[in-house]
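Colleague: What follows is query31.txt; its format and atoms are compact mmCIF, C-alpha atoms.
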# COMPACT_ATOMS: atom_id res chain seq x y z
CA MET V 163 0.00 0.00 0.00
CA GLY V 164 1.25 3.46 -0.84
CA SER V 165 0.77 6.87 0.63
CA LYS V 166 -1.80 9.46 -0.37
CA GLN V 167 -1.21 13.17 -0.56
CA VAL V 168 -3.33 15.36 1.71
CA VAL V 169 -2.94 18.99 0.72
CA GLY V 170 0.68 18.37 -0.20
CA ALA V 171 1.47 16.41 2.97
CA PRO V 172 2.01 12.62 2.99
CA LEU V 173 -0.61 10.74 4.96
CA CYS V 174 -0.42 6.96 4.86
CA GLU V 175 -3.19 4.91 3.47
CA CYS V 176 -3.55 2.59 6.43
CA ALA V 177 -6.75 0.63 5.85
CA THR V 178 -6.00 -3.02 6.39
CA GLY V 179 -9.38 -4.05 7.80
CA ASP V 180 -12.36 -5.63 6.04
CA PHE V 181 -13.95 -2.39 4.90
CA TRP V 182 -12.45 0.29 2.69
CA ALA V 183 -13.16 3.96 3.04
CA ALA V 184 -12.47 6.00 -0.08
CA GLU V 185 -10.14 8.93 0.46
CA ILE V 186 -10.50 12.40 -0.91
CA SER V 187 -8.39 15.40 -0.09
CA ARG V 188 -8.60 16.98 3.32
CA ARG V 189 -10.04 20.19 1.86
CA GLN V 190 -12.71 18.23 -0.03
CA PHE V 191 -13.43 16.30 3.15
CA LEU V 192 -13.96 19.45 5.17
CA LYS V 193 -16.05 21.11 2.47
CA ALA V 194 -18.20 18.00 2.11
CA GLY V 195 -19.28 18.38 5.73
CA PHE V 196 -21.02 15.90 7.97
CA THR V 197 -23.10 14.16 5.28
CA LEU V 198 -20.14 12.37 3.75
CA VAL V 199 -18.56 11.85 7.15
CA ALA V 200 -21.75 10.18 8.32
CA VAL V 201 -21.53 7.48 5.66
CA GLY V 202 -17.76 7.10 6.05
CA LEU V 203 -16.79 8.15 2.53
CA ALA V 204 -14.70 11.22 3.20
CA ALA V 205 -12.43 10.41 6.10
CA PRO V 206 -9.04 8.73 5.83
CA PRO V 207 -9.41 5.01 6.69
CA TRP V 208 -8.13 5.37 10.25
CA LEU V 209 -10.64 8.18 10.91
CA ALA V 210 -13.48 6.32 9.20
CA GLN V 211 -12.79 3.39 11.50
CA ILE V 212 -13.41 5.69 14.45
CA ALA V 213 -16.56 7.04 12.85
CA TYR V 214 -18.01 3.57 12.45
CA ALA V 215 -17.34 2.64 16.06
CA ASP V 216 -20.15 2.67 18.58
CA SER V 217 -19.00 5.32 21.02
CA GLN V 218 -21.20 4.04 23.83
CA HIS V 219 -19.79 0.54 23.45
CA LEU V 220 -16.22 1.84 23.38
CA LYS V 221 -16.76 3.67 26.66
CA LYS V 222 -17.34 0.27 28.25
CA GLY V 223 -14.29 -1.34 26.62
CA ASN V 224 -11.25 -2.56 28.45
CA LYS V 225 -8.43 -0.17 29.14
CA LEU V 226 -4.89 -0.54 27.88
CA PRO V 227 -2.76 -3.18 29.60
CA ASN V 228 -0.38 -0.48 30.86
CA ASP V 229 0.87 3.01 30.08
CA ARG V 230 4.25 2.07 28.64
CA VAL V 231 5.53 3.24 25.26
CA LEU V 232 7.60 1.43 22.65
CA VAL V 233 9.64 3.50 20.19
CA VAL V 234 11.07 1.54 17.25
CA LEU V 235 14.04 3.00 15.37
CA GLN V 236 14.76 1.26 12.08
CA LEU V 237 18.25 1.59 10.56
CA THR V 238 17.34 0.95 6.94
CA GLY V 239 19.87 -0.57 4.57
CA GLY V 240 21.72 -3.04 6.77
CA ASN V 241 23.90 -1.54 9.50
CA ASP V 242 27.48 -2.80 9.84
CA GLY V 243 27.34 -4.37 13.27
CA LEU V 244 31.05 -5.20 13.45
CA ASN V 245 32.03 -1.56 13.10
CA THR V 246 29.23 -0.48 15.45
CA VAL V 247 30.10 -2.78 18.35
CA VAL V 248 33.75 -3.52 17.65
CA PRO V 249 35.58 -6.76 18.63
CA TYR V 250 38.77 -4.78 19.02
CA ARG V 251 40.74 -7.58 20.69
CA ASP V 252 40.19 -10.03 17.80
CA ALA V 253 43.05 -10.24 15.29
CA LEU V 254 40.70 -11.81 12.71
CA TYR V 255 38.63 -8.60 12.70
CA TYR V 256 41.67 -6.55 11.63
CA LYS V 257 42.73 -9.20 9.12
CA ALA V 258 39.28 -9.22 7.48
CA ARG V 259 39.14 -5.42 7.33
CA PRO V 260 42.58 -4.00 6.59
CA THR V 261 41.19 -0.54 5.76
CA LEU V 262 37.77 -0.40 7.46
CA ALA V 263 38.59 -1.83 10.89
CA ILE V 264 38.43 0.71 13.73
CA PRO V 265 41.87 1.07 15.32
CA GLU V 266 41.93 -0.09 18.92
CA ALA V 267 43.11 3.33 20.09
CA ARG V 268 39.91 4.93 18.72
CA VAL V 269 37.44 2.40 20.11
CA VAL V 270 35.16 3.51 22.96
CA PRO V 271 35.65 0.58 25.36
CA LEU V 272 32.67 -1.14 26.94
CA GLU V 273 33.68 -4.46 28.43
CA GLU V 274 36.45 -6.69 27.15
CA PRO V 275 36.67 -7.54 24.32
CA LEU V 276 34.11 -5.13 22.85
CA GLY V 277 33.79 -1.39 22.36
CA LEU V 278 31.82 1.16 20.38
CA HIS V 279 32.67 2.97 17.18
CA PRO V 280 34.20 6.34 18.18
CA ALA V 281 31.20 8.17 16.69
CA LEU V 282 29.05 6.49 19.34
CA GLN V 283 30.86 8.20 22.22
CA PRO V 284 27.60 10.00 23.28
CA LEU V 285 26.17 6.58 24.12
CA LYS V 286 28.90 5.71 26.62
CA PRO V 287 27.24 7.63 29.50
CA LEU V 288 24.00 5.74 28.85
CA TYR V 289 25.92 2.48 28.95
CA GLU V 290 27.58 3.47 32.21
CA GLN V 291 24.17 4.36 33.67
CA ARG V 292 23.03 0.86 32.65
CA VAL V 293 20.13 2.18 30.59
CA LEU V 294 21.63 0.93 27.29
CA ALA V 295 21.54 -2.77 26.45
CA VAL V 296 23.54 -4.20 23.54
CA VAL V 297 22.13 -7.52 22.33
CA GLN V 298 24.76 -9.42 20.34
CA ASN V 299 24.46 -11.51 17.16
CA VAL V 300 20.73 -11.08 16.56
CA GLY V 301 19.15 -12.56 13.44
CA TYR V 302 16.99 -15.43 12.24
CA PRO V 303 17.58 -18.92 10.76
CA ASN V 304 18.59 -19.16 7.09
CA PRO V 305 19.19 -15.40 6.70
CA ASN V 306 18.07 -13.67 3.52
CA ARG V 307 20.32 -10.97 2.04
CA SER V 308 17.63 -9.19 0.05
CA HIS V 309 16.77 -5.82 1.60
CA PHE V 310 13.08 -6.23 0.74
CA ARG V 311 12.68 -9.80 1.92
CA SER V 312 14.78 -9.46 5.06
CA MET V 313 12.95 -6.30 6.11
CA GLU V 314 9.66 -8.09 5.43
CA ILE V 315 10.80 -10.90 7.73
CA TRP V 316 11.75 -8.50 10.50
CA GLN V 317 8.51 -6.55 10.19
CA THR V 318 6.18 -9.56 10.11
CA ALA V 319 8.28 -11.73 12.46
CA ASP V 320 7.59 -14.55 9.99
CA PRO V 321 10.78 -15.90 8.35
CA ASP V 322 8.96 -18.88 6.84
CA GLY V 323 5.85 -17.19 5.44
CA TYR V 324 4.56 -14.07 3.74
CA SER V 325 2.18 -12.53 6.24
CA ARG V 326 0.08 -9.52 5.29
CA TYR V 327 0.21 -8.25 8.84
CA GLY V 328 3.06 -6.91 10.96
CA TRP V 329 4.03 -7.91 14.46
CA LEU V 330 2.99 -4.56 15.92
CA GLY V 331 -0.20 -4.48 13.86
CA LYS V 332 -1.12 -7.85 15.34
CA TYR V 333 -0.48 -6.47 18.80
CA LEU V 334 -2.70 -3.44 18.12
CA ASP V 335 -5.43 -5.78 16.89
CA THR V 336 -5.57 -7.32 20.37
CA LEU V 337 -6.48 -4.00 22.00
CA THR V 338 -10.20 -3.41 22.40
CA ASP V 339 -9.97 0.36 22.08
CA THR V 340 -7.60 0.68 19.12
CA ALA V 341 -10.41 1.99 16.92
CA ALA V 342 -11.32 4.60 19.50
CA ASN V 343 -7.89 6.21 19.46
CA PRO V 344 -6.62 7.75 16.21
CA VAL V 345 -3.11 7.99 17.61
CA MET V 346 -2.65 4.70 19.48
CA ALA V 347 0.33 4.22 17.19
CA ILE V 348 2.04 6.69 14.86
CA SER V 349 4.67 6.17 12.20
CA PHE V 350 6.96 9.03 11.20
CA THR V 351 7.50 7.67 7.71
CA GLN V 352 6.39 8.41 4.14
CA GLU V 353 4.61 5.05 3.93
CA LEU V 354 3.21 2.82 6.63
CA PRO V 355 5.76 0.12 7.61
CA LEU V 356 4.51 -3.43 7.23
CA ALA V 357 5.25 -3.87 10.94
CA LEU V 358 2.19 -1.70 11.71
CA HIS V 359 -0.24 -3.32 9.27
CA GLY V 360 -3.08 -4.93 11.21
CA ARG V 361 -6.25 -6.74 10.31
CA LYS V 362 -8.32 -4.19 12.25
CA ALA V 363 -5.94 -1.55 13.53
CA GLN V 364 -5.70 1.69 11.57
CA VAL V 365 -2.40 3.52 12.04
CA PRO V 366 -1.73 7.01 10.66
CA CYS V 367 1.72 7.98 9.50
CA PHE V 368 3.12 11.42 8.96
CA ALA V 369 6.35 12.45 7.29
CA SER V 370 6.48 14.99 10.10
CA LEU V 371 4.23 16.47 12.76
CA ALA V 372 3.81 19.44 10.44
CA ASP V 373 1.42 17.20 8.48
CA LEU V 374 -0.81 16.90 11.53
CA GLN V 375 -0.69 20.67 11.92
CA VAL V 376 -1.78 21.09 8.30
CA MET V 377 -4.60 18.59 8.73
CA THR V 378 -6.14 20.42 11.67
CA ASN V 379 -5.02 24.02 11.36
CA ASP V 380 -7.74 25.21 9.00
CA PRO V 381 -10.82 27.41 9.55
CA GLU V 382 -12.93 24.82 7.75
CA LEU V 383 -12.25 22.30 10.52
CA GLU V 384 -14.16 24.47 12.99
CA ARG V 385 -17.00 24.83 10.49
CA THR V 386 -17.18 21.06 10.07
CA LEU V 387 -17.23 20.54 13.84
CA GLN V 388 -20.05 23.07 14.14
CA GLN V 389 -22.02 21.25 11.42
CA LEU V 390 -21.56 17.95 13.21
CA SER V 391 -22.69 19.45 16.51
CA TYR V 392 -25.73 21.05 14.82
CA ALA V 393 -26.72 17.72 13.29
CA GLU V 394 -26.48 15.97 16.64
CA GLU V 395 -28.65 18.61 18.31
CA HIS V 396 -31.37 18.69 15.66
CA LYS V 397 -31.43 15.05 14.62
CA PRO V 398 -30.55 13.14 17.79
CA ASP V 399 -32.43 10.02 16.66
CA SER V 400 -30.81 9.86 13.24
CA PRO V 401 -29.13 6.51 12.43
CA ALA V 402 -25.97 8.48 11.70
CA ALA V 403 -25.97 10.33 15.04
CA VAL V 404 -23.47 8.04 16.75
CA ILE V 405 -21.23 8.12 13.69
CA ARG V 406 -21.32 11.91 13.62
CA HIS V 407 -20.63 12.06 17.35
CA SER V 408 -17.64 9.69 17.07
CA THR V 409 -16.24 11.60 14.10
CA ARG V 410 -16.58 14.92 15.89
CA THR V 411 -14.92 13.46 18.97
CA ALA V 412 -12.01 12.18 16.89
CA LEU V 413 -11.54 15.50 15.13
CA GLU V 414 -11.65 17.34 18.44
CA ALA V 415 -9.05 14.95 19.85
CA LEU V 416 -6.74 15.65 16.92
CA GLU V 417 -7.28 19.39 17.32
CA GLN V 418 -6.42 19.16 21.02
CA LEU V 419 -3.30 17.14 20.20
CA ARG V 420 -2.26 19.77 17.65
CA GLU V 421 -2.54 22.48 20.27
CA ARG V 422 -0.51 20.52 22.83
CA ILE V 423 2.19 19.81 20.25
CA ARG V 424 2.29 23.49 19.27
CA ARG V 425 2.93 24.51 22.87
CA TYR V 426 5.52 21.81 23.55
CA GLN V 427 9.11 22.89 24.11
CA PRO V 428 11.86 20.23 23.93
CA ARG V 429 13.90 19.78 27.08
CA ALA V 430 17.01 18.70 25.20
CA GLN V 431 19.09 20.01 22.33
CA TYR V 432 18.42 18.08 19.11
CA GLY V 433 20.35 18.28 15.86
CA ASN V 434 19.03 18.88 12.38
CA ASP V 435 19.19 15.44 10.79
CA PRO V 436 16.72 12.58 10.22
CA PHE V 437 17.59 10.83 13.50
CA ALA V 438 17.17 13.98 15.56
CA GLN V 439 13.98 15.02 13.79
CA GLY V 440 12.41 11.58 14.16
CA LEU V 441 13.23 11.12 17.83
CA GLN V 442 12.35 14.71 18.72
CA GLN V 443 8.92 14.19 17.18
CA ALA V 444 8.58 10.94 19.11
CA ALA V 445 9.41 12.87 22.29
CA GLN V 446 6.78 15.49 21.41
CA ILE V 447 4.11 12.81 21.10
CA ILE V 448 5.21 11.09 24.32
CA ALA V 449 4.97 14.42 26.15
CA THR V 450 1.60 15.48 24.71
CA SER V 451 -0.37 12.34 23.78
CA PRO V 452 -0.91 10.11 26.84
CA HIS V 453 -2.77 7.45 24.85
CA THR V 454 -0.08 6.77 22.24
CA ARG V 455 1.70 3.47 22.82
CA ILE V 456 3.84 2.83 19.72
CA LEU V 457 6.01 5.23 17.72
CA TYR V 458 7.97 4.20 14.63
CA VAL V 459 10.95 6.03 13.12
CA SER V 460 13.03 4.94 10.12
CA VAL V 461 16.32 6.37 8.82
CA ASN V 462 17.88 5.27 5.53
CA GLY V 463 21.47 5.24 4.31
CA PHE V 464 23.07 2.15 5.88
CA ASP V 465 23.64 0.20 2.64
CA THR V 466 27.37 0.93 2.63
CA HIS V 467 28.76 -1.09 -0.29
CA ALA V 468 31.39 1.54 -1.14
CA ALA V 469 33.39 4.19 0.73
CA GLN V 470 31.78 3.06 3.96
CA ALA V 471 34.04 4.72 6.53
CA SER V 472 32.90 8.33 6.24
CA THR V 473 29.23 7.55 5.57
CA HIS V 474 28.98 5.14 8.47
CA GLU V 475 30.75 7.50 10.86
CA ARG V 476 28.37 10.33 9.95
CA LEU V 477 25.27 8.14 10.41
CA LEU V 478 26.46 6.71 13.72
CA SER V 479 27.31 10.18 15.01
CA GLN V 480 23.83 11.47 14.16
CA PHE V 481 22.28 8.36 15.69
CA ALA V 482 24.23 8.63 18.95
CA ASN V 483 23.60 12.34 19.41
CA ALA V 484 19.89 11.93 18.71
CA VAL V 485 19.52 9.01 21.14
CA SER V 486 21.41 10.92 23.82
CA ALA V 487 19.15 13.96 23.38
CA PHE V 488 16.03 11.77 23.31
CA TYR V 489 16.90 10.07 26.58
CA ALA V 490 17.72 13.41 28.23
CA ASP V 491 14.35 14.69 27.02
CA LEU V 492 12.58 11.66 28.50
CA GLN V 493 14.35 12.15 31.82
CA ALA V 494 13.39 15.84 31.94
CA MET V 495 9.73 15.06 31.32
CA GLY V 496 9.76 12.20 33.86
CA LYS V 497 9.06 9.52 31.24
CA ALA V 498 12.36 7.61 31.06
CA ASP V 499 10.93 4.66 33.00
CA LYS V 500 7.87 4.49 30.76
CA VAL V 501 9.61 4.36 27.38
CA LEU V 502 11.58 1.60 25.66
CA LEU V 503 13.57 2.52 22.54
CA MET V 504 14.40 -0.50 20.35
CA VAL V 505 16.91 -0.16 17.50
CA PHE V 506 17.28 -2.70 14.68
CA SER V 507 18.43 -3.12 11.08
CA GLU V 508 17.37 -5.77 8.54
CA PHE V 509 20.81 -7.43 8.58
CA GLY V 510 24.45 -6.77 9.33
CA ARG V 511 27.31 -6.64 6.82
CA ARG V 512 29.82 -9.21 5.64
CA VAL V 513 32.81 -9.86 7.88
CA HIS V 514 35.31 -9.14 5.09
CA GLU V 515 35.45 -5.73 3.44
CA ASN V 516 35.01 -5.61 -0.33
CA GLY V 517 37.14 -4.08 -3.06
CA SER V 518 35.21 -0.80 -2.95
CA LEU V 519 36.19 -0.02 0.64
CA GLY V 520 32.74 -1.04 1.80
CA THR V 521 30.92 -4.13 3.04
CA ASP V 522 28.22 -6.25 1.43
CA HIS V 523 25.00 -7.71 2.82
CA GLY V 524 25.57 -9.97 5.79
CA ALA V 525 23.55 -11.69 8.49
CA ALA V 526 23.60 -11.32 12.29
CA ALA V 527 24.14 -7.94 13.96
CA PRO V 528 23.60 -6.23 17.33
CA MET V 529 20.40 -4.57 18.49
CA PHE V 530 20.16 -1.72 21.01
CA LEU V 531 17.55 -1.15 23.72
CA ILE V 532 17.47 2.11 25.68
CA GLY V 533 15.25 3.12 28.58
CA GLY V 534 15.07 3.78 32.28
CA ARG V 535 13.89 0.22 32.95
CA VAL V 536 16.43 -1.46 30.68
CA ARG V 537 18.89 -3.93 32.14
CA GLY V 538 21.93 -2.33 30.57
CA GLY V 539 25.15 -3.96 29.48
CA LEU V 540 26.18 -6.60 26.96
CA HIS V 541 23.78 -9.47 26.33
CA GLY V 542 24.96 -12.51 24.42
CA ASP V 543 28.43 -13.65 23.45
CA PRO V 544 30.87 -11.54 21.43
CA PRO V 545 30.89 -12.17 17.65
CA ASP V 546 32.74 -15.43 16.91
CA LEU V 547 34.93 -14.73 13.90
CA HIS V 548 36.48 -18.19 14.22
CA ASN V 549 33.17 -19.93 13.54
CA LEU V 550 31.46 -18.27 10.58
CA ASP V 551 28.62 -19.81 8.61
CA SER V 552 28.93 -21.35 5.13
CA ASN V 553 28.82 -17.87 3.58
CA ASN V 554 31.54 -16.55 5.89
CA ASP V 555 28.99 -14.49 7.80
CA LEU V 556 28.42 -14.14 11.52
CA ARG V 557 26.21 -16.85 12.93
CA MET V 558 22.96 -15.90 14.58
CA GLN V 559 22.99 -16.58 18.31
CA ILE V 560 19.78 -14.81 19.37
CA ASP V 561 16.56 -14.97 17.36
CA PHE V 562 15.17 -11.46 16.92
CA ARG V 563 11.74 -12.73 17.93
CA ARG V 564 13.03 -13.17 21.48
CA VAL V 565 13.75 -9.43 21.56
CA TYR V 566 10.27 -8.80 20.10
CA ALA V 567 8.79 -11.03 22.79
CA THR V 568 10.53 -8.82 25.35
CA ALA V 569 9.07 -5.66 23.78
CA LEU V 570 5.59 -7.17 23.58
CA THR V 571 5.78 -8.19 27.24
CA TRP V 572 6.82 -4.61 28.01
CA LEU V 573 3.63 -3.42 26.30
CA GLY V 574 1.51 -5.94 28.20
CA GLY V 575 0.86 -8.15 25.18
CA ASP V 576 0.90 -11.92 24.73
CA PRO V 577 4.06 -12.71 22.71
CA GLU V 578 3.09 -16.27 21.82
CA ALA V 579 -0.32 -15.27 20.49
CA ILE V 580 1.15 -12.42 18.43
CA LEU V 581 4.30 -14.16 17.15
CA GLY V 582 2.56 -17.47 16.44
CA LYS V 583 4.86 -19.60 18.58
CA GLU V 584 6.70 -19.36 21.86
CA PHE V 585 9.86 -17.28 22.02
CA ALA V 586 11.19 -16.78 25.51
CA PRO V 587 11.50 -13.06 26.39
CA MET V 588 15.00 -12.02 27.35
CA ASP V 589 15.89 -10.46 30.68
CA LEU V 590 16.40 -7.04 29.11
CA VAL V 591 13.91 -4.85 30.98
CA ARG V 592 12.58 -4.57 34.51
CA LEU V 593 8.80 -4.84 34.26
What's the structure tokens form of this structure?

Modeller:
Amino acid sequence: MGSKQVVGAPLCECATGDFWAAEISRRQFLKAGFTLVAVGLAAPPWLAQIAYADSQHLKKGNKLPNDRVLVVLQLTGGNDGLNTVVPYRDALYYKARPTLAIPEARVVPLEEPLGLHPALQPLKPLYEQRVLAVVQNVGYPNPNRSHFRSMEIWQTADPDGYSRYGWLGKYLDTLTDTAANPVMAISFTQELPLALHGRKAQVPCFASLADLQVMTNDPELERTLQQLSYAEEHKPDSPAAVIRHSTRTALEALEQLRERIRRYQPRAQYGNDPFAQGLQQAAQIIATSPHTRILYVSVNGFDTHAAQASTHERLLSQFANAVSAFYADLQAMGKADKVLLMVFSEFGRRVHENGSLGTDHGAAAPMFLIGGRVRGGLHGDPPDLHNLDSNNDLRMQIDFRRVYATALTWLGGDPEAILGKEFAPMDLVRL
């Protein structure tokens, strides 16, 4: 599914349920007024889902399992794990990478025999505070080196099949009040990640929060709300009354969120790059939208087949500075213990550098988890360069679905029901 343009701003087409609501532009939607809203033809799919819901029934629904938040940061392209968490005591690492290996003198030491790329220095204080966990050698059986297929596997948590639904979409489907909340989950991407596709759940995505401002900051919105209120007052017994009421409530909720976001002031200094922009927007939502539970951020550029050194250093520096600012922001707003940031990439890179001073598609790689309740430190064994697989890649030691099971447990979900089989959660967070 692709993205639709709403007055020049990308808004994801997120209908993955059994009904389909046709989309027209926001301005057409507002001009059409309550008549089209009442029959569900004008709203984006995620708003139409709200309009169709019985508001009285939703008021009696179960509440969320808890008030914790999961932020997913996707490093798109295949991050080089060996130059991210460096086995600087292993001679085979330097032999395999005569030009790309990070000199031992530049490595930011963690615990023998591993350290961080020097660009990740801003993460060292988080590691020392034990709020940063590094999970080693994460992957899945029979790794696929296609960007598209491997990302599909990570997003559906289904290495053996081709599921239409993502692991987080399946989680959202289990919540009774997903339809009642237009911002239960938000993706800061141009298109909705497969991870958030659900059978019932409708998830909006915005290239930036400016899109939400554009959607709601219009005089015609107030006129539409007035029309909906007028219809409810003068036709209270109309079959469409509940639909109108739910739609008006949803629009008012978005308007209130827009106002809270407008007044929000960050409590940390963010940069001006995709990492900083994505995580700052996540922090804005965490500070202003108490019902949002999942936030998704993706940053491209990690497919470093050639001239890797400078590109990778720049990306890791932006990543580390953004994560450091994000955690400081969470601490300042008193939310550090309520938020779990999970960082992944679709695969690592090959152990040996190539002839273009880069690295090709590999297999296992580290994941990061950051948060006030994280059990920080190194988890899993160091990369074993003496025991590579048949393709001379790092062997997977930890199935990524165990990390997902940990995140789902954090959210109060049932990992086995969502992932389709049992994967034991790791001892990565204090619940």

Colleague: Using only C-alpha atoms, give me every residue within 8 Å of (-1.0, -10.4, 23.3) in file coordinates, as a PDB file with C-alpha atoms, in the frame of the given file.

Modeller:
ATOM      1  CA  TYR V 333      -0.480  -6.470  18.800  1.00  0.00           C
ATOM      2  CA  THR V 336      -5.570  -7.320  20.370  1.00  0.00           C
ATOM      3  CA  LEU V 570       5.590  -7.170  23.580  1.00  0.00           C
ATOM      4  CA  GLY V 574       1.510  -5.940  28.200  1.00  0.00           C
ATOM      5  CA  GLY V 575       0.860  -8.150  25.180  1.00  0.00           C
ATOM      6  CA  ASP V 576       0.900 -11.920  24.730  1.00  0.00           C
ATOM      7  CA  PRO V 577       4.060 -12.710  22.710  1.00  0.00           C
ATOM      8  CA  GLU V 578       3.090 -16.270  21.820  1.00  0.00           C
ATOM      9  CA  ALA V 579      -0.320 -15.270  20.490  1.00  0.00           C
ATOM     10  CA  ILE V 580       1.150 -12.420  18.430  1.00  0.00           C
TER      11      ILE V 580
END

Colleague: Identify which of the residues V:Leu590, V:Leu441, V:Met504, V:Ala471 lies closest to V:Leu492, counting all atoms listed in the file when measuring atom-to-atom distances.

Modeller: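 Once distances to V:Leu492 are computed over all atoms listed in the file, the minimum belongs to V:Leu441.
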
Colleague: Find the distance between atom CA of V:Leu288 and atom CA of V:Gly542 and write it in Å to one decimal.

Modeller: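 That distance, rounded to one decimal, is 18.8 Å.
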
Colleague: Could you name the residues that touch stretch 271-284 of chain V at 9 Å or less, counting all atoms listed in the file, but leaving out those on the same chain fewer than 6 positions away, as an NGL selection string?

Modeller: :V and (245-252 or 264 or 290 or 475-483 or 485-486 or 539-540 or 544)

Colleague: Work out how far apart atom CA of V:Gly323 and atom CA of V:Asn554 are and give it in Å to one decimal.

Modeller: 25.7 Å

Colleague: Compile the contact shell of stretch 547-553 of chain V as a PDB file with C-alpha atoms, keeping the file's coordinate frame: residues with an atom at most 8 Å away, counting all atoms listed in the file, same-chain residues fewer than 3 positions apart removed.

Modeller:
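And here is the file that came out, result09.pdb:
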ATOM      1  CA  LEU V 254      40.700 -11.810  12.710  1.00  0.00           C
ATOM      2  CA  TYR V 255      38.630  -8.600  12.700  1.00  0.00           C
ATOM      3  CA  LEU V 556      28.420 -14.140  11.520  1.00  0.00           C
ATOM      4  CA  ARG V 557      26.210 -16.850  12.930  1.00  0.00           C
TER       5      ARG V 557
END

Colleague: Would you compute the distance between atom CA of V:Val269 and atom CA of V:Leu244? Give it in Å to one decimal.

Modeller: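 Spanning atom CA of V:Val269 to atom CA of V:Leu244 is a straight-line distance of 12.0 Å.
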
Colleague: Let me make sure I understand: among V:Trp316, V:His514, V:Ala586, V:Pro227, which one has the smallest atom-to-atom distance to V:Val300 if we use all atoms listed in the file?

Modeller: V:Trp316

Colleague: Quick one: everything within 7 Å of stretch 561-569 of chain V, counting only C-alpha atoms, minus sequence neighbours fewer than 4 positions away in the same chain. Send it as a VMD selection string.

Modeller: chain V and resid 300 to 302 319 573 577 585 to 588

Colleague: Store the residues picked out above in a file with C-alpha atoms, as a PDB file, keeping the file's coordinate frame.

Modeller:
ATOM      1  CA  VAL V 300      20.730 -11.080  16.560  1.00  0.00           C
ATOM      2  CA  GLY V 301      19.150 -12.560  13.440  1.00  0.00           C
ATOM      3  CA  TYR V 302      16.990 -15.430  12.240  1.00  0.00           C
ATOM      4  CA  ALA V 319       8.280 -11.730  12.460  1.00  0.00           C
ATOM      5  CA  LEU V 573       3.630  -3.420  26.300  1.00  0.00           C
ATOM      6  CA  PRO V 577       4.060 -12.710  22.710  1.00  0.00           C
ATOM      7  CA  PHE V 585       9.860 -17.280  22.020  1.00  0.00           C
ATOM      8  CA  ALA V 586      11.190 -16.780  25.510  1.00  0.00           C
ATOM      9  CA  PRO V 587      11.500 -13.060  26.390  1.00  0.00           C
ATOM     10  CA  MET V 588      15.000 -12.020  27.350  1.00  0.00           C
TER      11      MET V 588
END

Colleague: Which residues, written as a short mmCIF file (atom, residue, chain, number, x, y, z; two decimals) with C-alpha atoms, keeping the file's coordinate frame, have at least one atom at most 7 Å from V:Leu330, with only C-alpha atoms counted and residues fewer than 3 positions away on the same chain left out?

Modeller:
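Output file selection-v8.cif follows:
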data_model
loop_
_atom_site.label_atom_id
_atom_site.label_comp_id
_atom_site.auth_asym_id
_atom_site.auth_seq_id
_atom_site.Cartn_x
_atom_site.Cartn_y
_atom_site.Cartn_z
CA TYR V 333 -0.48 -6.47 18.80
CA LEU V 334 -2.70 -3.44 18.12
CA ALA V 357 5.25 -3.87 10.94
CA LEU V 358 2.19 -1.70 11.71
#

Colleague: Using all atoms listed in the file for the distances, tell me which of V:Thr238, V:Ser451, V:Gln493, V:Asn306 is nearest to V:Arg429.

Modeller: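 Closest to V:Arg429, using all atoms listed in the file: V:Gln493.
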
Colleague: Pick the closest to V:Pro545 from V:Leu354, V:Gln298, V:Ala263, V:Phe509: which is it, counting only C-alpha atoms?

Modeller: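 Checking each of V:Leu354, V:Gln298, V:Ala263, V:Phe509 against V:Pro545, counting only C-alpha atoms, the winner is V:Gln298.
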
Colleague: Using all atoms listed in the file, which residue out of V:Ile560, V:Leu232, V:Val591, V:Ile447 lies closest to V:Gly538?

Modeller: V:Val591
